[in-house]
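What follows is my_file-v2.cif (mmCIF, C-alpha atoms (C1' of nucleotides)).
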data_data
#
loop_
_atom_site.label_atom_id
_atom_site.label_comp_id
_atom_site.auth_asym_id
_atom_site.auth_seq_id
_atom_site.Cartn_x
_atom_site.Cartn_y
_atom_site.Cartn_z
CA MET A 1 163.28 -9.15 -201.47
CA ALA A 2 159.62 -9.92 -201.02
CA HIS A 3 157.84 -9.40 -197.78
CA THR A 4 156.51 -12.59 -196.28
CA ALA A 5 153.52 -12.78 -194.01
CA SER A 6 155.67 -14.16 -191.22
CA SER A 7 158.32 -11.45 -191.31
CA ASP A 8 155.52 -8.89 -191.38
CA TRP A 9 154.13 -10.48 -188.30
CA GLU A 10 157.50 -10.57 -186.61
CA ALA A 11 158.01 -6.87 -187.22
CA SER A 12 154.55 -5.83 -186.13
CA ALA A 13 154.72 -8.01 -183.03
CA ARG A 14 157.98 -6.40 -182.00
CA GLU A 15 156.55 -2.98 -182.66
CA ALA A 16 153.39 -3.65 -180.69
CA LEU A 17 155.40 -4.99 -177.78
CA SER A 18 157.71 -2.03 -177.60
CA ALA A 19 154.82 0.40 -178.07
CA ALA A 20 153.19 -1.19 -175.04
CA GLY A 21 156.35 -0.49 -173.05
CA HIS A 22 157.75 -4.00 -172.94
CA ARG A 23 161.46 -4.56 -172.90
CA THR A 24 163.24 -6.80 -175.32
CA GLY A 25 164.55 -9.71 -173.32
CA GLY A 26 165.98 -12.94 -174.63
CA ALA A 27 163.08 -15.23 -173.86
CA ARG A 28 160.18 -13.33 -175.36
CA GLU A 29 162.26 -12.36 -178.36
CA ALA A 30 163.09 -16.01 -179.02
CA VAL A 31 159.42 -16.97 -178.79
CA VAL A 32 158.47 -14.27 -181.28
CA VAL A 33 161.12 -15.42 -183.73
CA GLN A 34 160.13 -19.04 -183.37
CA LEU A 35 156.45 -18.32 -183.91
CA ALA A 36 157.21 -16.14 -186.91
CA HIS A 37 159.15 -18.92 -188.59
CA GLN A 38 156.42 -21.46 -188.07
CA SER A 39 153.51 -21.85 -190.42
CA CYS A 40 151.23 -23.78 -188.11
CA CYS A 41 150.39 -23.99 -184.44
CA LEU A 42 152.97 -24.88 -181.78
CA SER A 43 152.58 -25.92 -178.16
CA ALA A 44 154.68 -24.30 -175.44
CA GLN A 45 156.61 -27.54 -175.13
CA GLU A 46 157.29 -27.64 -178.86
CA ILE A 47 158.56 -24.07 -178.81
CA SER A 48 160.83 -24.98 -175.93
CA ASP A 49 162.17 -28.01 -177.79
CA GLU A 50 162.75 -26.09 -181.01
CA LEU A 51 164.60 -23.37 -179.17
CA ARG A 52 166.71 -25.84 -177.24
CA GLY A 53 167.68 -27.36 -180.58
CA LYS A 54 168.99 -23.95 -181.55
CA GLY A 55 171.00 -23.68 -178.37
CA LYS A 56 168.50 -21.36 -176.71
CA ASP A 57 167.56 -22.79 -173.36
CA ILE A 58 164.48 -20.85 -172.38
CA GLY A 59 162.48 -21.68 -169.28
CA LEU A 60 159.02 -23.06 -169.98
CA ALA A 61 157.51 -20.50 -167.63
CA SER A 62 158.91 -17.66 -169.71
CA ILE A 63 157.48 -19.23 -172.83
CA TYR A 64 154.06 -19.42 -171.24
CA ARG A 65 154.37 -15.83 -170.06
CA ALA A 66 155.38 -14.67 -173.52
CA LEU A 67 152.49 -16.56 -175.12
CA ASP A 68 150.07 -15.15 -172.58
CA LEU A 69 151.16 -11.62 -173.33
CA LEU A 70 151.08 -12.10 -177.08
CA HIS A 71 147.64 -13.61 -176.78
CA GLU A 72 146.32 -10.75 -174.65
CA MET A 73 147.65 -8.34 -177.24
CA GLY A 74 145.88 -10.23 -179.99
CA LEU A 75 149.13 -11.15 -181.71
CA VAL A 76 148.69 -14.89 -181.38
CA GLN A 77 145.69 -17.16 -181.39
CA ARG A 78 145.19 -20.00 -178.98
CA VAL A 79 144.22 -23.25 -180.68
CA GLU A 80 143.03 -26.43 -179.02
CA ILE A 81 143.05 -29.47 -181.22
CA GLY A 82 141.65 -31.92 -178.72
CA ASP A 83 144.74 -33.40 -177.10
CA GLY A 84 144.25 -31.53 -173.85
CA GLY A 85 146.95 -28.98 -174.48
CA ALA A 86 146.98 -25.56 -176.09
CA ARG A 87 148.79 -24.46 -179.20
CA TYR A 88 149.55 -21.00 -180.45
CA GLU A 89 150.00 -19.41 -183.82
CA PRO A 90 150.60 -15.90 -185.12
CA VAL A 91 147.59 -13.79 -186.06
CA VAL A 92 148.31 -11.95 -189.28
CA PRO A 93 145.75 -9.13 -189.43
CA GLY A 94 143.89 -9.23 -192.71
CA GLY A 95 146.22 -11.95 -193.83
CA GLU A 96 146.18 -15.65 -194.26
CA HIS A 97 143.88 -17.36 -191.85
CA HIS A 98 143.67 -21.10 -191.56
CA HIS A 99 142.07 -23.88 -189.60
CA HIS A 100 143.00 -27.42 -188.68
CA ALA A 101 142.10 -30.95 -189.58
CA VAL A 102 143.38 -33.48 -187.05
CA CYS A 103 143.89 -37.12 -187.92
CA ASP A 104 142.41 -39.35 -185.22
CA THR A 105 144.77 -42.13 -186.23
CA CYS A 106 148.21 -40.62 -186.75
CA GLY A 107 147.63 -37.31 -185.01
CA ARG A 108 148.91 -35.23 -187.90
CA VAL A 109 147.50 -31.74 -188.20
CA THR A 110 146.66 -30.40 -191.63
CA ALA A 111 146.03 -26.70 -192.09
CA PHE A 112 143.40 -25.50 -194.50
CA GLU A 113 141.87 -22.26 -195.67
CA ASP A 114 138.43 -21.52 -197.00
CA ASP A 115 137.09 -18.08 -197.72
CA ARG A 116 133.48 -19.14 -197.95
CA LEU A 117 133.71 -20.66 -194.51
CA GLU A 118 135.05 -17.39 -193.17
CA GLN A 119 132.27 -15.41 -194.78
CA GLN A 120 129.68 -17.78 -193.45
CA LEU A 121 131.08 -17.38 -189.95
CA GLU A 122 131.04 -13.60 -190.19
CA ARG A 123 127.43 -13.69 -191.25
CA LEU A 124 126.62 -16.08 -188.46
CA ALA A 125 128.30 -13.99 -185.79
CA GLY A 126 126.26 -11.04 -186.97
CA ARG A 127 123.09 -13.05 -186.75
CA LEU A 128 123.98 -14.10 -183.20
CA ARG A 129 124.88 -10.53 -182.30
CA HIS A 130 128.12 -11.97 -181.02
CA SER A 131 131.23 -10.01 -181.86
CA MET A 132 133.99 -12.20 -183.22
CA SER A 133 137.53 -11.63 -182.01
CA GLY A 134 138.55 -15.02 -183.31
CA HIS A 135 137.34 -18.47 -184.12
CA ASP A 136 138.55 -22.03 -184.30
CA ILE A 137 137.44 -24.76 -186.59
CA VAL A 138 138.77 -28.25 -186.00
CA ILE A 139 137.87 -31.18 -188.20
CA HIS A 140 138.38 -34.61 -186.65
CA GLY A 141 138.67 -37.73 -188.76
CA ASP A 142 141.23 -39.71 -190.67
CA CYS A 143 143.67 -38.07 -193.03
CA ALA A 144 144.03 -39.26 -196.62
CA ARG A 145 146.97 -41.46 -195.69
CA CYS A 146 145.33 -43.20 -192.73
CA ALA A 147 141.88 -43.57 -194.32
CA ARG A 148 143.43 -45.69 -197.07
CA LYS A 149 144.42 -48.49 -194.70
CA MET B 1 104.08 -38.42 -175.88
CA ALA B 2 106.55 -37.03 -178.35
CA HIS B 3 110.01 -38.40 -178.77
CA THR B 4 112.71 -35.93 -177.90
CA ALA B 5 116.20 -36.00 -179.34
CA SER B 6 117.64 -36.46 -175.87
CA SER B 7 115.52 -39.43 -174.90
CA ASP B 8 116.38 -40.99 -178.25
CA TRP B 9 119.98 -40.53 -177.43
CA GLU B 10 119.57 -41.96 -173.96
CA ALA B 11 117.93 -45.08 -175.35
CA SER B 12 120.41 -45.59 -178.14
CA ALA B 13 123.35 -45.01 -175.82
CA ARG B 14 122.06 -47.63 -173.43
CA GLU B 15 121.50 -50.03 -176.28
CA ALA B 16 124.96 -49.48 -177.73
CA LEU B 17 126.56 -49.98 -174.35
CA SER B 18 124.77 -53.23 -173.64
CA ALA B 19 125.37 -54.46 -177.18
CA ALA B 20 129.07 -53.91 -176.57
CA GLY B 21 128.82 -56.10 -173.49
CA HIS B 22 129.00 -53.40 -170.86
CA ARG B 23 127.19 -53.86 -167.59
CA THR B 24 124.78 -51.32 -166.21
CA GLY B 25 126.41 -49.86 -163.14
CA GLY B 26 125.31 -46.84 -161.21
CA ALA B 27 128.01 -44.42 -162.25
CA ARG B 28 127.91 -44.77 -166.01
CA GLU B 29 124.14 -44.91 -165.98
CA ALA B 30 123.98 -41.64 -164.06
CA VAL B 31 126.36 -40.00 -166.54
CA VAL B 32 124.23 -41.13 -169.47
CA VAL B 33 121.08 -39.76 -167.85
CA GLN B 34 122.75 -36.47 -167.00
CA LEU B 35 124.11 -36.00 -170.52
CA ALA B 36 120.75 -36.87 -172.04
CA HIS B 37 119.00 -34.20 -170.01
CA GLN B 38 121.47 -31.53 -170.97
CA SER B 39 121.20 -29.56 -174.17
CA CYS B 40 124.75 -28.26 -174.25
CA CYS B 41 128.22 -29.35 -173.29
CA LEU B 42 129.21 -30.26 -169.73
CA SER B 43 132.58 -30.72 -168.09
CA ALA B 44 133.31 -33.74 -165.94
CA GLN B 45 133.24 -31.50 -162.90
CA GLU B 46 129.88 -30.05 -163.86
CA ILE B 47 128.43 -33.52 -164.30
CA SER B 48 129.76 -34.46 -160.89
CA ASP B 49 128.21 -31.35 -159.32
CA GLU B 50 124.85 -31.87 -161.00
CA LEU B 51 124.75 -35.47 -159.86
CA ARG B 52 125.74 -34.61 -156.32
CA GLY B 53 122.85 -32.16 -156.30
CA LYS B 54 120.59 -35.08 -157.06
CA GLY B 55 122.03 -37.09 -154.22
CA LYS B 56 124.20 -39.21 -156.50
CA ASP B 57 127.73 -39.06 -155.27
CA ILE B 58 129.73 -40.42 -158.17
CA GLY B 59 133.52 -40.47 -158.15
CA LEU B 60 135.11 -38.13 -160.66
CA ALA B 61 137.27 -40.96 -161.96
CA SER B 62 134.17 -42.96 -162.88
CA ILE B 63 132.75 -39.98 -164.69
CA TYR B 64 135.93 -39.62 -166.71
CA ARG B 65 135.90 -43.34 -167.45
CA ALA B 66 132.28 -43.20 -168.57
CA LEU B 67 132.97 -40.18 -170.78
CA ASP B 68 136.01 -41.88 -172.28
CA LEU B 69 134.01 -44.93 -173.16
CA LEU B 70 131.11 -42.96 -174.60
CA HIS B 71 133.56 -40.93 -176.63
CA GLU B 72 135.32 -44.01 -177.99
CA MET B 73 131.94 -45.39 -179.00
CA GLY B 74 131.09 -42.19 -180.79
CA LEU B 75 128.16 -41.44 -178.49
CA VAL B 76 129.53 -38.19 -177.16
CA GLN B 77 131.66 -35.48 -178.64
CA ARG B 78 134.53 -33.83 -176.87
CA VAL B 79 134.43 -30.04 -177.02
CA GLU B 80 137.15 -27.63 -175.98
CA ILE B 81 136.06 -24.06 -175.62
CA GLY B 82 139.40 -22.58 -174.70
CA ASP B 83 139.40 -22.68 -170.91
CA GLY B 84 141.86 -25.54 -170.76
CA GLY B 85 139.28 -28.15 -169.85
CA ALA B 86 137.19 -30.53 -171.92
CA ARG B 87 133.43 -30.67 -172.21
CA TYR B 88 131.24 -33.39 -173.54
CA GLU B 89 127.89 -33.51 -175.25
CA PRO B 90 125.71 -36.23 -176.75
CA VAL B 91 126.05 -36.98 -180.44
CA VAL B 92 122.62 -37.47 -181.95
CA PRO B 93 123.20 -39.30 -185.26
CA GLY B 94 121.57 -37.40 -188.09
CA GLY B 95 120.01 -35.11 -185.53
CA GLU B 96 120.56 -31.67 -184.22
CA HIS B 97 124.14 -30.59 -184.36
CA HIS B 98 125.35 -27.37 -182.87
CA HIS B 99 128.45 -25.33 -182.20
CA HIS B 100 129.52 -22.81 -179.61
CA ALA B 101 130.08 -19.10 -179.25
CA VAL B 102 132.05 -18.22 -176.13
CA CYS B 103 131.91 -14.78 -174.58
CA ASP B 104 135.42 -13.57 -173.74
CA THR B 105 134.01 -11.27 -171.09
CA CYS B 106 131.40 -13.21 -169.14
CA GLY B 107 132.33 -16.71 -170.25
CA ARG B 108 128.82 -17.64 -171.29
CA VAL B 109 128.50 -20.27 -173.97
CA THR B 110 125.85 -19.83 -176.64
CA ALA B 111 124.96 -22.76 -178.86
CA PHE B 112 124.13 -22.21 -182.50
CA GLU B 113 123.23 -24.21 -185.55
CA ASP B 114 123.82 -23.50 -189.20
CA ASP B 115 123.15 -25.92 -192.00
CA ARG B 116 125.14 -24.06 -194.59
CA LEU B 117 128.16 -24.18 -192.35
CA GLU B 118 127.76 -27.91 -192.03
CA GLN B 119 127.46 -28.35 -195.77
CA GLN B 120 130.49 -26.20 -196.34
CA LEU B 121 132.50 -28.31 -193.92
CA GLU B 122 131.43 -31.55 -195.59
CA ARG B 123 132.52 -30.18 -198.93
CA LEU B 124 135.77 -29.01 -197.46
CA ALA B 125 136.56 -32.36 -195.85
CA GLY B 126 135.98 -33.99 -199.21
CA ARG B 127 138.33 -31.56 -200.86
CA LEU B 128 140.99 -32.30 -198.25
CA ARG B 129 140.38 -36.02 -198.60
CA HIS B 130 140.06 -36.06 -194.84
CA SER B 131 137.24 -38.17 -193.47
CA MET B 132 135.16 -36.33 -190.90
CA SER B 133 134.12 -38.16 -187.76
CA GLY B 134 133.32 -34.88 -186.08
CA HIS B 135 134.12 -31.22 -185.99
CA ASP B 136 134.16 -28.29 -183.62
CA ILE B 137 133.55 -24.69 -184.33
CA VAL B 138 134.14 -22.16 -181.58
CA ILE B 139 133.53 -18.46 -182.01
CA HIS B 140 135.33 -16.19 -179.55
CA GLY B 141 134.18 -12.66 -178.90
CA ASP B 142 131.72 -10.74 -176.80
CA CYS B 143 128.11 -11.79 -176.48
CA ALA B 144 125.28 -9.35 -177.19
CA ARG B 145 124.97 -8.51 -173.50
CA CYS B 146 128.66 -7.79 -172.89
CA ALA B 147 129.30 -5.99 -176.19
CA ARG B 148 126.74 -3.36 -175.18
CA LYS B 149 128.84 -2.15 -172.28
"C1'" DG C 1 131.12 -67.20 -158.87
"C1'" DT C 2 133.42 -64.38 -162.20
"C1'" DG C 3 134.81 -60.41 -164.28
"C1'" DA C 4 133.45 -55.80 -165.04
"C1'" DA C 5 132.42 -51.34 -162.67
"C1'" DT C 6 133.37 -48.30 -159.00
"C1'" DG C 7 135.74 -45.24 -155.52
"C1'" DC C 8 139.64 -43.60 -153.47
"C1'" DA C 9 144.11 -41.94 -153.54
"C1'" DA C 10 148.23 -41.32 -155.87
"C1'" DA C 11 150.41 -40.13 -160.10
"C1'" DC C 12 150.75 -37.48 -164.17
"C1'" DT C 13 150.59 -33.58 -167.51
"C1'" DC C 14 149.98 -29.00 -168.60
"C1'" DT C 15 150.01 -24.47 -166.84
"C1'" DT C 16 150.52 -20.73 -163.44
"C1'" DT C 17 152.66 -18.33 -159.59
"C1'" DG C 18 156.25 -16.72 -155.99
"C1'" DC C 19 160.47 -15.17 -155.41
"C1'" DA C 20 165.25 -14.18 -156.04
"C1'" DT C 21 168.43 -13.01 -159.71
"C1'" DG C 22 169.77 -10.79 -163.82
"C1'" DA C 23 169.17 -7.60 -167.74
"C1'" DC C 24 167.18 -3.71 -170.58
"C1'" DT C 25 166.46 1.26 -170.87
"C1'" DA D 1 169.30 3.05 -160.70
"C1'" DG D 2 165.04 1.46 -161.30
"C1'" DT D 3 162.09 -1.70 -162.95
"C1'" DC D 4 160.77 -5.23 -165.97
"C1'" DA D 5 162.09 -9.94 -167.61
"C1'" DT D 6 163.74 -14.39 -166.57
"C1'" DG D 7 164.58 -18.99 -164.40
"C1'" DC D 8 163.77 -22.16 -161.04
"C1'" DA D 9 160.98 -24.57 -158.10
"C1'" DA D 10 156.68 -25.15 -156.01
"C1'" DA D 11 151.81 -24.92 -156.41
"C1'" DG D 12 147.41 -25.70 -158.97
"C1'" DA D 13 144.03 -27.47 -162.11
"C1'" DG D 14 142.35 -31.16 -164.88
"C1'" DT D 15 142.79 -35.87 -165.99
"C1'" DT D 16 144.46 -40.67 -165.69
"C1'" DT D 17 145.84 -44.89 -163.39
"C1'" DG D 18 146.52 -48.68 -159.70
"C1'" DC D 19 144.31 -51.32 -156.67
"C1'" DA D 20 141.07 -53.20 -153.47
"C1'" DT D 21 136.12 -53.56 -153.06
"C1'" DT D 22 131.52 -54.04 -154.74
"C1'" DC D 23 128.11 -55.29 -157.86
"C1'" DA D 24 125.83 -56.96 -162.19
"C1'" DC D 25 125.21 -60.86 -164.74
#

Would you put the structure from the file into structure tokens?
Amino acid sequence: MAHTASSDWEASAREALSAAGHRTGGAREAVVVQLAHQSCCLSAQEISDELRGKGKDIGLASIYRALDLLHEMGLVQRVEIGDGGARYEPVVPGGEHHHHAVCDTCGRVTAFEDDRLEQQLERLAGRLRHSMSGHDIVIHGDCARCARK
Amino acid sequence: MAHTASSDWEASAREALSAAGHRTGGAREAVVVQLAHQSCCLSAQEISDELRGKGKDIGLASIYRALDLLHEMGLVQRVEIGDGGARYEPVVPGGEHHHHAVCDTCGRVTAFEDDRLEQQLERLAGRLRHSMSGHDIVIHGDCARCARK
DNA sequence: GTGAATGCAAACTCTTTGCATGACT
DNA sequence: AGTCATGCAAAGAGTTTGCATTCAC
């Protein structure tokens, strides 16, 4: 069975958490699993809804606490796509890294990857003498479907 | 006397507003002036503080309404730098266009420009068949000053 | 004079915090 | 057993909205 990026992340997140002395409770564990099974960014509310759909009724506060911790540990990235709320997605070290195009009309979020963009950003950060722990790129506009109308 | 990008923006913003049938009240006018005199992004609260310092006591709600309108008209861009709040900056059509590097330690925001990055993004948007009305790039990390420590 | 613009206060959303309870090691 | 994790409810920050008043045209 092939390793997937998400199961790798799930395993390494669990390992990092336990190495840092954190216990394995139901709430944080559920958040880790949910994030691992998601390809793109999720808001705290969306995580809560997804989990409730699976019969796991986790308090929103615990979800925020779990996300905070994972973010501090560098295991998730915080993404803001312009709707006033925050979203989170797993950080796979050395792995796939994507950004987001948001449709101003329908609100759909499209993920995209581009190596040249990444390289350009690395170069830029060097030029600015600004270390880069992460970066967000958000494209606003109309998606292919909405632009057609 | 040389034209500056900001005074151009101020004039064109005023023109666009009056062309759209908006009256010239004190609050919106003050917001336009404040934005024009600022090189980088400002939050609603910061605009309010700046204006109060100049003796203009403008209600926060009016500032938000002015920013909303300017944003809808494409005269300002909304920027989120990861602190949970929104910032706004003038959009100078065909003019200078910059992005932001945020220091995770001291919170300072550094603006930067890069033409190749812009070109790359244009190309990318075309590839995604996603029209691009705007885009944000935020680099997170430590600024030169904080990284030294 | 008429309708848009403004200010205030209340409402609203997203997020964080305090505290008592429950669960992992 | 001891301590961290969790849930609930309340608090907080940022933003939006309702409504009466004021002001630009």

Legend entry - the PyMOL selection byres ((chain A) within 9 of (chain B)) resolved against shown file, as a PyMOL selection string: chain A and resi 78-82+84-86+101-104+110+112+114+116-117+120-121+124-125+128-145+147

Legend entry - Protein, DNA and RNA residues within 10 Å of (134.6, -50.9, -159.7), only C-alpha atoms (C1' of nucleotides), as a ChimeraX atom specification: /B:25,27,62 /C:4-7 /D:20-23

Inset, instruction - Please return, as a list in words, all residues of chain D lying within 8 Å of chain A when all atoms listed in the file are considered. - result: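 So the contacting residues turn out to be DC4, DA5, DT6 and DG7 of chain D.
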
After fit on chain B (all C-alpha, ordered pairs), chain A as a compact mmCIF listing (two decimals) with C-alpha atoms, keeping the file's coordinate frame:
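Generated file (result_38.txt):
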# COMPACT_ATOMS: atom_id res chain seq x y z
CA MET A 1 104.04 -38.51 -176.02
CA ALA A 2 106.54 -37.14 -178.48
CA HIS A 3 110.00 -38.50 -178.80
CA THR A 4 112.68 -35.99 -177.94
CA ALA A 5 116.16 -36.04 -179.34
CA SER A 6 117.60 -36.48 -175.87
CA SER A 7 115.48 -39.46 -174.88
CA ASP A 8 116.33 -41.02 -178.24
CA TRP A 9 119.94 -40.55 -177.43
CA GLU A 10 119.54 -41.96 -173.96
CA ALA A 11 117.91 -45.09 -175.33
CA SER A 12 120.40 -45.63 -178.11
CA ALA A 13 123.33 -45.02 -175.79
CA ARG A 14 122.06 -47.64 -173.39
CA GLU A 15 121.49 -50.04 -176.23
CA ALA A 16 124.93 -49.50 -177.70
CA LEU A 17 126.54 -49.99 -174.31
CA SER A 18 124.76 -53.22 -173.59
CA ALA A 19 125.35 -54.48 -177.13
CA ALA A 20 129.06 -53.93 -176.54
CA GLY A 21 128.82 -56.12 -173.44
CA HIS A 22 128.98 -53.41 -170.81
CA ARG A 23 127.17 -53.82 -167.55
CA THR A 24 124.77 -51.28 -166.19
CA GLY A 25 126.37 -49.85 -163.09
CA GLY A 26 125.30 -46.81 -161.14
CA ALA A 27 128.00 -44.42 -162.23
CA ARG A 28 127.89 -44.78 -165.99
CA GLU A 29 124.12 -44.91 -165.94
CA ALA A 30 123.99 -41.62 -164.04
CA VAL A 31 126.36 -39.99 -166.52
CA VAL A 32 124.21 -41.12 -169.44
CA VAL A 33 121.07 -39.74 -167.83
CA GLN A 34 122.74 -36.46 -166.99
CA LEU A 35 124.10 -36.00 -170.49
CA ALA A 36 120.74 -36.87 -172.02
CA HIS A 37 118.99 -34.20 -169.99
CA GLN A 38 121.46 -31.52 -170.94
CA SER A 39 121.20 -29.52 -174.12
CA CYS A 40 124.74 -28.22 -174.21
CA CYS A 41 128.22 -29.34 -173.28
CA LEU A 42 129.21 -30.26 -169.72
CA SER A 43 132.61 -30.73 -168.11
CA ALA A 44 133.32 -33.78 -165.95
CA GLN A 45 133.29 -31.51 -162.91
CA GLU A 46 129.92 -30.06 -163.87
CA ILE A 47 128.45 -33.53 -164.29
CA SER A 48 129.79 -34.45 -160.88
CA ASP A 49 128.27 -31.34 -159.31
CA GLU A 50 124.90 -31.85 -160.97
CA LEU A 51 124.77 -35.44 -159.83
CA ARG A 52 125.79 -34.56 -156.30
CA GLY A 53 122.91 -32.09 -156.27
CA LYS A 54 120.63 -35.01 -157.02
CA GLY A 55 122.08 -37.03 -154.18
CA LYS A 56 124.22 -39.15 -156.48
CA ASP A 57 127.78 -39.04 -155.26
CA ILE A 58 129.77 -40.41 -158.16
CA GLY A 59 133.55 -40.47 -158.15
CA LEU A 60 135.15 -38.14 -160.68
CA ALA A 61 137.27 -41.00 -161.98
CA SER A 62 134.17 -42.98 -162.89
CA ILE A 63 132.76 -39.98 -164.69
CA TYR A 64 135.93 -39.64 -166.72
CA ARG A 65 135.88 -43.36 -167.47
CA ALA A 66 132.26 -43.21 -168.56
CA LEU A 67 132.95 -40.20 -170.79
CA ASP A 68 135.97 -41.90 -172.28
CA LEU A 69 133.96 -44.96 -173.17
CA LEU A 70 131.07 -42.98 -174.59
CA HIS A 71 133.50 -40.95 -176.63
CA GLU A 72 135.27 -44.03 -178.00
CA MET A 73 131.89 -45.41 -178.99
CA GLY A 74 131.04 -42.19 -180.78
CA LEU A 75 128.12 -41.46 -178.48
CA VAL A 76 129.50 -38.19 -177.15
CA GLN A 77 131.62 -35.47 -178.65
CA ARG A 78 134.51 -33.84 -176.88
CA VAL A 79 134.40 -30.05 -177.03
CA GLU A 80 137.13 -27.65 -176.00
CA ILE A 81 136.03 -24.07 -175.63
CA GLY A 82 139.38 -22.61 -174.72
CA ASP A 83 139.40 -22.71 -170.93
CA GLY A 84 141.86 -25.57 -170.76
CA GLY A 85 139.32 -28.20 -169.88
CA ALA A 86 137.20 -30.56 -171.94
CA ARG A 87 133.44 -30.69 -172.21
CA TYR A 88 131.22 -33.40 -173.55
CA GLU A 89 127.87 -33.53 -175.23
CA PRO A 90 125.67 -36.23 -176.74
CA VAL A 91 126.03 -36.98 -180.44
CA VAL A 92 122.60 -37.46 -181.95
CA PRO A 93 123.18 -39.26 -185.25
CA GLY A 94 121.54 -37.39 -188.08
CA GLY A 95 120.01 -35.09 -185.53
CA GLU A 96 120.55 -31.65 -184.21
CA HIS A 97 124.13 -30.58 -184.37
CA HIS A 98 125.35 -27.36 -182.88
CA HIS A 99 128.45 -25.33 -182.21
CA HIS A 100 129.52 -22.81 -179.61
CA ALA A 101 130.09 -19.12 -179.26
CA VAL A 102 132.05 -18.24 -176.13
CA CYS A 103 131.92 -14.80 -174.57
CA ASP A 104 135.43 -13.59 -173.73
CA THR A 105 133.99 -11.29 -171.08
CA CYS A 106 131.38 -13.23 -169.13
CA GLY A 107 132.33 -16.72 -170.25
CA ARG A 108 128.82 -17.67 -171.27
CA VAL A 109 128.51 -20.28 -173.98
CA THR A 110 125.86 -19.86 -176.64
CA ALA A 111 124.96 -22.77 -178.87
CA PHE A 112 124.13 -22.21 -182.50
CA GLU A 113 123.24 -24.22 -185.56
CA ASP A 114 123.83 -23.51 -189.21
CA ASP A 115 123.16 -25.92 -192.01
CA ARG A 116 125.14 -24.03 -194.60
CA LEU A 117 128.17 -24.15 -192.36
CA GLU A 118 127.78 -27.90 -192.07
CA GLN A 119 127.50 -28.32 -195.81
CA GLN A 120 130.51 -26.16 -196.38
CA LEU A 121 132.52 -28.28 -193.95
CA GLU A 122 131.46 -31.50 -195.65
CA ARG A 123 132.55 -30.12 -198.98
CA LEU A 124 135.81 -28.96 -197.49
CA ALA A 125 136.59 -32.30 -195.89
CA GLY A 126 136.04 -33.93 -199.25
CA ARG A 127 138.38 -31.49 -200.90
CA LEU A 128 141.03 -32.23 -198.27
CA ARG A 129 140.45 -35.96 -198.64
CA HIS A 130 140.10 -35.99 -194.89
CA SER A 131 137.30 -38.11 -193.53
CA MET A 132 135.23 -36.29 -190.95
CA SER A 133 134.19 -38.13 -187.81
CA GLY A 134 133.37 -34.86 -186.12
CA HIS A 135 134.17 -31.20 -186.01
CA ASP A 136 134.20 -28.29 -183.63
CA ILE A 137 133.57 -24.68 -184.36
CA VAL A 138 134.15 -22.17 -181.59
CA ILE A 139 133.53 -18.47 -182.02
CA HIS A 140 135.31 -16.21 -179.55
CA GLY A 141 134.17 -12.67 -178.90
CA ASP A 142 131.71 -10.75 -176.80
CA CYS A 143 128.11 -11.82 -176.47
CA ALA A 144 125.27 -9.38 -177.18
CA ARG A 145 124.97 -8.53 -173.50
CA CYS A 146 128.66 -7.82 -172.88
CA ALA A 147 129.30 -6.02 -176.19
CA ARG A 148 126.73 -3.40 -175.19
CA LYS A 149 128.78 -2.14 -172.25

Inset, instruction - With a cut-off of 8 Å and counting all atoms listed in the file, select all residues of chain C in contact with chain A and give the selection as a PyMOL selection string. - result: chain C and resi 14-15+23-25

Selected residues, C-alpha atoms (C1' of nucleotides), written as a short mmCIF file (atom, residue, chain, number, x, y, z; two decimals), in the coordinates of the input, please.
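Below you can see again.cif, which holds the result:
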data_model
loop_
_atom_site.label_atom_id
_atom_site.label_comp_id
_atom_site.auth_asym_id
_atom_site.auth_seq_id
_atom_site.Cartn_x
_atom_site.Cartn_y
_atom_site.Cartn_z
"C1'" DC C 14 149.98 -29.00 -168.60
"C1'" DT C 15 150.01 -24.47 -166.84
"C1'" DA C 23 169.17 -7.60 -167.74
"C1'" DC C 24 167.18 -3.71 -170.58
"C1'" DT C 25 166.46 1.26 -170.87
#
